[in-house]
$ cat start_19.cif   # mmCIF, C-alpha atoms
data_data
#
loop_
_atom_site.label_atom_id
_atom_site.label_comp_id
_atom_site.auth_asym_id
_atom_site.auth_seq_id
_atom_site.Cartn_x
_atom_site.Cartn_y
_atom_site.Cartn_z
CA MET A 1 72.72 59.92 163.99
CA GLU A 2 74.80 56.77 163.69
CA VAL A 3 76.83 55.22 160.87
CA THR A 4 76.25 51.56 160.01
CA ARG A 5 78.92 49.79 157.98
CA TYR A 6 78.24 46.65 155.89
CA SER A 7 80.65 43.85 155.11
CA SER A 8 79.10 42.86 151.78
CA ILE A 9 76.74 44.09 149.09
CA PRO A 10 74.09 41.46 149.98
CA ALA A 11 74.14 42.68 153.61
CA PHE A 12 73.93 46.30 152.46
CA TYR A 13 71.11 45.61 150.02
CA ALA A 14 69.11 43.69 152.60
CA ASP A 15 69.03 46.86 154.70
CA VAL A 16 68.58 49.46 151.96
CA GLU A 17 66.25 47.65 149.54
CA SER A 18 63.10 49.55 150.50
CA PHE A 19 65.05 52.82 150.76
CA LEU A 20 66.22 52.35 147.16
CA LEU A 21 63.03 50.94 145.63
CA ASN A 22 60.92 53.76 147.07
CA GLN A 23 62.94 56.14 144.87
CA GLU A 24 64.09 53.82 142.12
CA ASP A 25 64.54 56.58 139.53
CA ARG A 26 66.88 58.58 141.80
CA ALA A 27 68.53 55.41 143.13
CA GLY A 28 69.22 53.86 139.73
CA ILE A 29 73.02 53.75 139.92
CA MET A 30 73.21 52.55 143.53
CA LEU A 31 70.46 50.00 142.93
CA GLY A 32 72.07 48.86 139.69
CA ASN A 33 75.42 48.34 141.43
CA SER A 34 73.73 46.40 144.23
CA LEU A 35 72.15 44.02 141.73
CA ARG A 36 75.15 43.81 139.39
CA PHE A 37 77.82 43.16 142.02
CA LYS A 38 75.86 41.14 144.59
CA ASP A 39 77.68 37.89 143.77
CA LYS A 40 81.11 39.34 142.98
CA VAL A 41 84.06 38.00 144.98
CA TRP A 42 86.37 40.88 145.91
CA GLU A 43 89.96 39.70 145.81
CA GLU A 44 91.63 43.04 146.52
CA GLU A 45 90.05 46.33 147.62
CA LYS A 46 86.48 45.78 148.85
CA PRO A 47 83.59 48.20 148.39
CA PHE A 48 82.74 50.73 151.07
CA LEU A 49 79.07 50.40 152.03
CA ALA A 50 77.40 52.42 154.77
CA THR A 51 74.25 54.15 155.91
CA VAL A 52 73.63 56.99 158.32
CA LYS A 53 70.53 56.35 160.42
CA LYS A 54 68.38 58.44 162.73
CA GLY A 55 66.17 56.50 165.10
CA GLY A 56 66.87 53.37 163.07
CA GLU A 57 65.69 55.00 159.81
CA ILE A 58 68.08 55.50 156.90
CA MET A 59 68.79 59.16 156.19
CA LEU A 60 71.78 58.68 153.86
CA ALA A 61 73.33 55.74 152.00
CA ALA A 62 76.90 55.59 150.70
CA MET A 63 78.50 53.17 148.25
CA LEU A 64 82.01 53.11 146.80
CA ILE A 65 82.72 50.37 144.27
CA PRO A 66 86.47 50.52 143.48
CA PRO A 67 87.69 52.31 141.40
CA TYR A 68 84.57 54.42 140.86
CA ALA A 69 83.24 57.50 142.64
CA LEU A 70 81.59 57.43 146.05
CA LEU A 71 77.82 57.41 145.52
CA LEU A 72 75.57 59.20 148.01
CA LEU A 73 71.78 59.09 148.20
CA GLU A 74 69.50 60.70 150.76
CA LYS A 75 65.93 60.10 151.82
CA GLU A 76 65.06 63.77 152.27
CA GLU A 77 67.40 66.57 151.26
CA ALA A 78 67.57 68.33 154.65
CA GLU A 79 68.07 65.08 156.56
CA GLY A 80 70.69 63.94 154.06
CA VAL A 81 72.65 67.18 154.43
CA ALA A 82 72.45 66.84 158.22
CA ALA A 83 73.77 63.26 157.98
CA VAL A 84 76.82 64.19 155.90
CA PRO A 85 79.10 65.31 158.78
CA HIS A 86 78.53 61.97 160.55
CA LEU A 87 79.61 60.09 157.42
CA VAL A 88 82.64 62.33 156.88
CA GLN A 89 83.78 61.89 160.50
CA TYR A 90 83.49 58.11 160.11
CA LEU A 91 85.51 58.12 156.87
CA ILE A 92 88.21 60.22 158.54
CA ARG A 93 88.38 57.91 161.57
CA GLU A 94 88.69 54.89 159.28
CA ASP A 95 91.31 56.69 157.15
CA PHE A 96 89.44 56.40 153.85
CA ALA A 97 90.67 58.25 150.77
CA ILE A 98 87.81 59.69 148.71
CA HIS A 99 88.83 61.15 145.35
CA LYS A 100 85.46 61.54 143.58
CA ILE A 101 81.78 61.58 144.46
CA MET A 102 78.52 61.44 142.52
CA SER A 103 75.46 62.56 144.40
CA PRO A 104 72.26 64.57 144.36
CA LYS A 105 73.54 68.12 144.32
CA ALA A 106 72.73 69.48 147.79
CA VAL A 107 74.13 66.44 149.59
CA GLY A 108 77.16 66.29 147.28
CA LYS A 109 78.03 69.94 147.89
CA ALA A 110 77.61 69.44 151.65
CA PHE A 111 79.97 66.46 151.54
CA SER A 112 82.48 68.42 149.47
CA GLU A 113 82.47 71.32 151.92
CA GLU A 114 83.18 68.99 154.86
CA TRP A 115 85.73 66.84 153.02
CA THR A 116 87.77 69.62 151.44
CA LYS A 117 87.91 71.52 154.72
CA ALA A 118 89.08 68.46 156.66
CA HIS A 119 91.79 67.53 154.13
CA SER A 120 92.84 70.96 152.76
CA LEU A 121 91.68 69.98 149.29
CA GLU A 122 89.83 71.86 146.59
CA GLU A 123 86.74 70.84 144.72
CA LYS A 124 86.60 70.40 140.96
CA VAL A 125 83.22 70.02 139.29
CA LEU A 126 83.47 67.29 136.66
CA MET A 127 79.83 67.46 135.60
CA ASP A 128 76.62 69.20 136.60
CA LEU A 129 73.92 66.69 135.73
CA ARG A 130 70.15 66.52 135.59
CA LEU A 131 68.30 63.23 136.02
CA TYR A 132 65.23 62.72 133.83
CA THR A 133 62.58 60.02 133.80
CA LEU A 134 60.11 58.98 131.11
CA GLN A 135 57.00 56.77 131.26
CA SER A 136 55.78 57.22 127.70
CA VAL A 137 57.24 58.68 124.53
CA ILE A 138 55.29 61.73 123.40
CA GLN A 139 57.31 62.46 120.26
CA GLN A 140 58.34 59.62 118.01
CA ALA A 141 61.34 59.65 115.68
CA ALA A 142 60.91 62.44 113.15
CA ARG A 143 63.81 61.49 110.88
CA PRO A 144 64.06 58.82 108.24
CA GLY A 145 66.11 55.88 109.36
CA LYS A 146 65.84 53.02 111.80
CA LEU A 147 66.99 51.76 115.18
CA ARG A 148 69.01 48.56 115.26
CA LYS A 149 71.20 46.65 117.68
CA ALA A 150 74.90 47.14 117.23
CA THR A 151 76.84 44.21 115.78
CA GLN A 152 80.44 43.01 115.71
CA ALA A 153 80.86 44.79 112.37
CA ASP A 154 80.29 48.10 114.17
CA LEU A 155 83.50 47.66 116.14
CA THR A 156 85.21 49.37 113.22
CA PHE A 157 83.90 52.71 114.53
CA LEU A 158 82.27 52.22 117.98
CA PRO A 159 85.47 52.35 120.07
CA GLN A 160 86.43 55.63 118.40
CA TRP A 161 82.96 57.09 119.03
CA ILE A 162 83.13 56.03 122.68
CA LEU A 163 86.62 57.53 122.98
CA GLU A 164 85.42 60.83 121.51
CA MET A 165 82.40 60.91 123.82
CA THR A 166 84.45 60.31 126.96
CA GLU A 167 86.80 63.10 125.92
CA GLU A 168 83.84 65.47 125.72
CA THR A 169 82.49 64.41 129.13
CA ASN A 170 85.83 64.36 131.01
CA GLN A 171 85.59 60.59 131.59
CA LEU A 172 88.75 59.73 129.75
CA MET A 173 89.47 56.25 128.41
CA THR A 174 92.25 54.74 126.35
CA PHE A 175 91.35 53.28 122.96
CA ASP A 176 91.82 49.76 124.37
CA GLU A 177 89.43 50.53 127.24
CA ALA A 178 86.87 51.94 124.80
CA GLU A 179 87.15 48.81 122.66
CA GLU A 180 86.68 46.56 125.70
CA TYR A 181 83.71 48.67 126.80
CA ALA A 182 82.11 48.31 123.35
CA ARG A 183 82.70 44.55 123.19
CA ALA A 184 81.15 44.00 126.64
CA ARG A 185 78.01 45.91 125.69
CA LEU A 186 77.75 44.15 122.36
CA GLU A 187 77.84 40.84 124.21
CA ASN A 188 74.98 42.01 126.44
CA GLU A 189 73.09 43.37 123.41
CA PHE A 190 72.97 46.77 125.12
CA LEU A 191 74.38 48.91 122.29
CA PHE A 192 72.12 50.46 119.64
CA ILE A 193 72.68 52.38 116.42
CA TRP A 194 70.54 54.83 114.47
CA GLU A 195 71.09 54.09 110.81
CA GLU A 196 70.07 56.24 107.86
CA ASP A 197 70.39 54.91 104.29
CA GLY A 198 72.53 52.06 105.62
CA ARG A 199 74.96 54.45 107.34
CA PRO A 200 75.44 54.48 111.16
CA VAL A 201 74.97 58.08 112.34
CA SER A 202 74.38 57.92 116.12
CA MET A 203 74.68 55.52 119.06
CA ALA A 204 73.13 54.95 122.49
CA ALA A 205 73.05 52.18 125.07
CA LYS A 206 70.66 50.46 127.38
CA THR A 207 72.08 50.24 130.90
CA ARG A 208 71.10 49.37 134.47
CA PRO A 209 67.99 47.23 133.88
CA ASN A 210 66.75 47.35 137.46
CA ILE A 211 63.42 46.34 139.01
CA LYS A 212 60.92 48.67 137.32
CA GLY A 213 63.22 51.00 135.43
CA VAL A 214 66.06 51.02 132.94
CA SER A 215 68.47 53.73 131.83
CA VAL A 216 69.68 55.11 128.54
CA ASN A 217 73.25 56.35 128.26
CA LEU A 218 76.20 56.63 125.87
CA VAL A 219 74.19 58.89 123.55
CA TYR A 220 76.62 60.19 120.95
CA THR A 221 76.57 61.60 117.43
CA PRO A 222 79.84 62.48 115.66
CA ARG A 223 80.39 66.23 115.39
CA ASP A 224 79.99 66.38 111.61
CA LEU A 225 76.56 64.71 111.86
CA ARG A 226 75.04 66.81 114.64
CA GLY A 227 72.07 69.12 114.35
CA ARG A 228 70.09 66.73 112.15
CA GLY A 229 67.90 65.09 114.79
CA TYR A 230 69.69 61.74 114.87
CA ALA A 231 70.15 61.58 118.66
CA SER A 232 66.54 62.64 119.24
CA ALA A 233 65.23 59.94 116.88
CA LEU A 234 67.49 57.32 118.42
CA VAL A 235 66.63 58.09 122.05
CA ALA A 236 62.89 58.26 121.29
CA SER A 237 62.94 54.89 119.49
CA LEU A 238 65.17 53.20 122.04
CA SER A 239 63.11 54.50 124.98
CA ASP A 240 59.92 53.24 123.33
CA LEU A 241 61.52 49.84 122.73
CA LEU A 242 62.58 49.55 126.38
CA LEU A 243 59.07 50.41 127.59
CA GLN A 244 57.70 47.77 125.23
CA GLU A 245 60.08 45.26 126.83
CA GLY A 246 58.11 45.76 130.07
CA PHE A 247 59.99 48.44 131.97
CA GLU A 248 57.74 51.00 133.64
CA PHE A 249 60.08 53.92 133.10
CA CYS A 250 63.37 54.99 131.54
CA THR A 251 65.90 57.38 133.03
CA LEU A 252 68.84 59.29 131.67
CA TYR A 253 71.31 61.92 132.84
CA THR A 254 72.12 65.07 130.90
CA ASP A 255 74.95 67.54 131.22
CA LEU A 256 73.44 70.89 132.25
CA ALA A 257 76.16 72.59 130.22
CA ASN A 258 74.47 71.20 127.09
CA PRO A 259 71.07 72.95 126.75
CA THR A 260 70.40 71.25 123.40
CA SER A 261 70.31 67.72 124.83
CA ASN A 262 68.16 68.85 127.76
CA LYS A 263 65.64 70.34 125.34
CA ILE A 264 65.43 67.38 122.96
CA TYR A 265 64.92 64.87 125.76
CA GLN A 266 62.08 66.91 127.23
CA ASN A 267 60.50 67.08 123.78
CA ILE A 268 60.57 63.26 123.70
CA GLY A 269 58.79 63.07 127.07
CA TYR A 270 61.56 62.98 129.68
CA GLN A 271 60.71 64.93 132.83
CA PRO A 272 63.32 66.36 135.25
CA VAL A 273 63.61 64.56 138.61
CA CYS A 274 66.58 66.16 140.38
CA ASP A 275 70.05 67.55 139.82
CA TYR A 276 73.20 65.53 140.45
CA VAL A 277 76.81 66.60 140.66
CA GLU A 278 80.05 64.72 139.99
CA LEU A 279 82.98 66.18 141.93
CA LYS A 280 86.69 65.48 142.16
CA PHE A 281 88.96 66.45 145.06
CA ASP A 282 92.43 67.80 144.25
CA GLN A 283 95.31 69.22 146.23
CA LYS A 284 95.03 72.97 146.63
CA ARG A 285 97.07 74.92 144.13
CA THR A 286 99.68 77.23 145.59
CA GLU A 287 100.75 80.51 144.08
CA SER A 288 104.16 80.41 142.43
CA PRO A 289 106.66 82.92 143.84
CA ALA A 290 107.14 86.01 141.73
#
$ encode --input "start_19.cif" --output "structure tokens"
Amino acid sequence: MEVTRYSSIPAFYADVESFLLNQEDRAGIMLGNSLRFKDKVWEEEKPFLATVKKGGEIMLAAMLIPPYALLLLEKEEAEGVAAVPHLVQYLIREDFAIHKIMSPKAVGKAFSEEWTKAHSLEEKVLMDLRLYTLQSVIQQAARPGKLRKATQADLTFLPQWILEMTEETNQLMTFDEAEEYARARLENEFLFIWEEDGRPVSMAAKTRPNIKGVSVNLVYTPRDLRGRGYASALVASLSDLLLQEGFEFCTLYTDLANPTSNKIYQNIGYQPVCDYVELKFDQKRTESPA
């Protein structure tokens, strides 16, 4: 197998387009980044973009958009796992520092084993995730209330909700970062609220509108409002709206540590596709002397 490196996202995408589109649900993040950043001018650290090929055919694709995690995506699980050592050896030769990865689970664990061994690091699991896809909503909103787009007036509470959500998912932000995140998604009209009796009770976002599919993320209900079906009603209504906009399918990721969310999404019509893992690499802890 051989590693091919790309100097720009357009060059990378030209080579991986079919590879990504043939598995658009699994490739949503890598595809979304390719489309989102294709015209960006990189003034400082540039993205790392590579494929591992066998007989000219892509077995594994890798993308690191600073400062995010390294994304990995395979064609077939066994071939992807077999390609991992070639990628790791290349990264070592080029003296790359990899701190986090997000990947389908088998390939991610294979990368972690190679990387931690080579650098005397230890693996920390940030999230065990399951990717779901939906082509039609089978259970509509069962609660009173309505879906609406978020507005500027909602900035009185949205940054705090985003801050609380990122604390729960180990993706920490400052309040200022959460406020900037909310403002950017308001500008794109990507943020949505479930409102009952004029009161906002849950939020979610549209994200990564790709070629055929779109994703739902940022699903959050404040703790004191949980267990009432707000998130289920919101995700069902938002998913239906996105399909009506012309997308062929919706995707979302769930935390496998949260069985409730996995159950409610399946009740709506989301079907499991594959498991993902988000990993961080830390220095090995040493025992303190007695």
$ closest_atom_pairs --input "start_19.cif" --of "stretch 63-175 of chain A" --to "stretch 12-22 of chain A" --cutoff "10 Å" --atoms "only C-alpha atoms" --output "JSON lines"
{"residue": "A:Met63", "atom": "CA", "partner": "A:Phe12", "partner_atom": "CA", "distance": 9.3}
{"residue": "A:Leu73", "atom": "CA", "partner": "A:Leu20", "partner_atom": "CA", "distance": 8.8}
{"residue": "A:Glu74", "atom": "CA", "partner": "A:Phe19", "partner_atom": "CA", "distance": 9.0}
{"residue": "A:Lys75", "atom": "CA", "partner": "A:Phe19", "partner_atom": "CA", "distance": 7.4}
$ closest_residue --input "start_19.cif" --among "A:Met1, A:Val216, A:Ala27, A:Leu126" --to "A:Lys53" --atoms "all atoms listed in the file"
A:Met1
$ atom_distance --input "start_19.cif" --atom1 "atom CA of A:Ser120" --atom2 "atom CA of A:His86"
18.6 Å
$ residues_around --input "start_19.cif" --residues "A:Tyr90" --least-positions-apart "6" --cutoff "10 Å" --atoms "all atoms listed in the file" --output "list in words"
Glu2, Val3, Thr4, Arg5, Ala50, Val84 and Phe96 of chain A
$ write_last_selection --input "start_19.cif" --atoms "C-alpha atoms" --output "PDB file, in the coordinates of the input"
ATOM      1  CA  GLU A   2      74.800  56.770 163.690  1.00  0.00           C
ATOM      2  CA  VAL A   3      76.830  55.220 160.870  1.00  0.00           C
ATOM      3  CA  THR A   4      76.250  51.560 160.010  1.00  0.00           C
ATOM      4  CA  ARG A   5      78.920  49.790 157.980  1.00  0.00           C
ATOM      5  CA  ALA A  50      77.400  52.420 154.770  1.00  0.00           C
ATOM      6  CA  VAL A  84      76.820  64.190 155.900  1.00  0.00           C
ATOM      7  CA  PHE A  96      89.440  56.400 153.850  1.00  0.00           C
TER       8      PHE A  96
END
$ resolve_selection --input "start_19.cif" --expression "the PyMOL selection byres ((chain A and resi 179) around 12)" --output "PyMOL selection string"
chain A and resi 152+154-163+173-178+180-186
$ resolve_selection --input "start_19.cif" --expression "the PyMOL selection byres ((chain A and resi 255-269) around 12)" --output "VMD selection string"
chain A and resid 125 to 142 168 to 170 216 to 217 219 to 221 226 to 240 249 to 254 270 to 278
$ residues_around --input "start_19.cif" --residues "A:Asn210" --least-positions-apart "6" --cutoff "8 Å" --atoms "all atoms listed in the file" --output "PyMOL selection string"
chain A and resi 28+31-32+35
$ atom_distance --input "start_19.cif" --atom1 "atom CA of A:Ser7" --atom2 "atom CA of A:Asn33"
15.3 Å
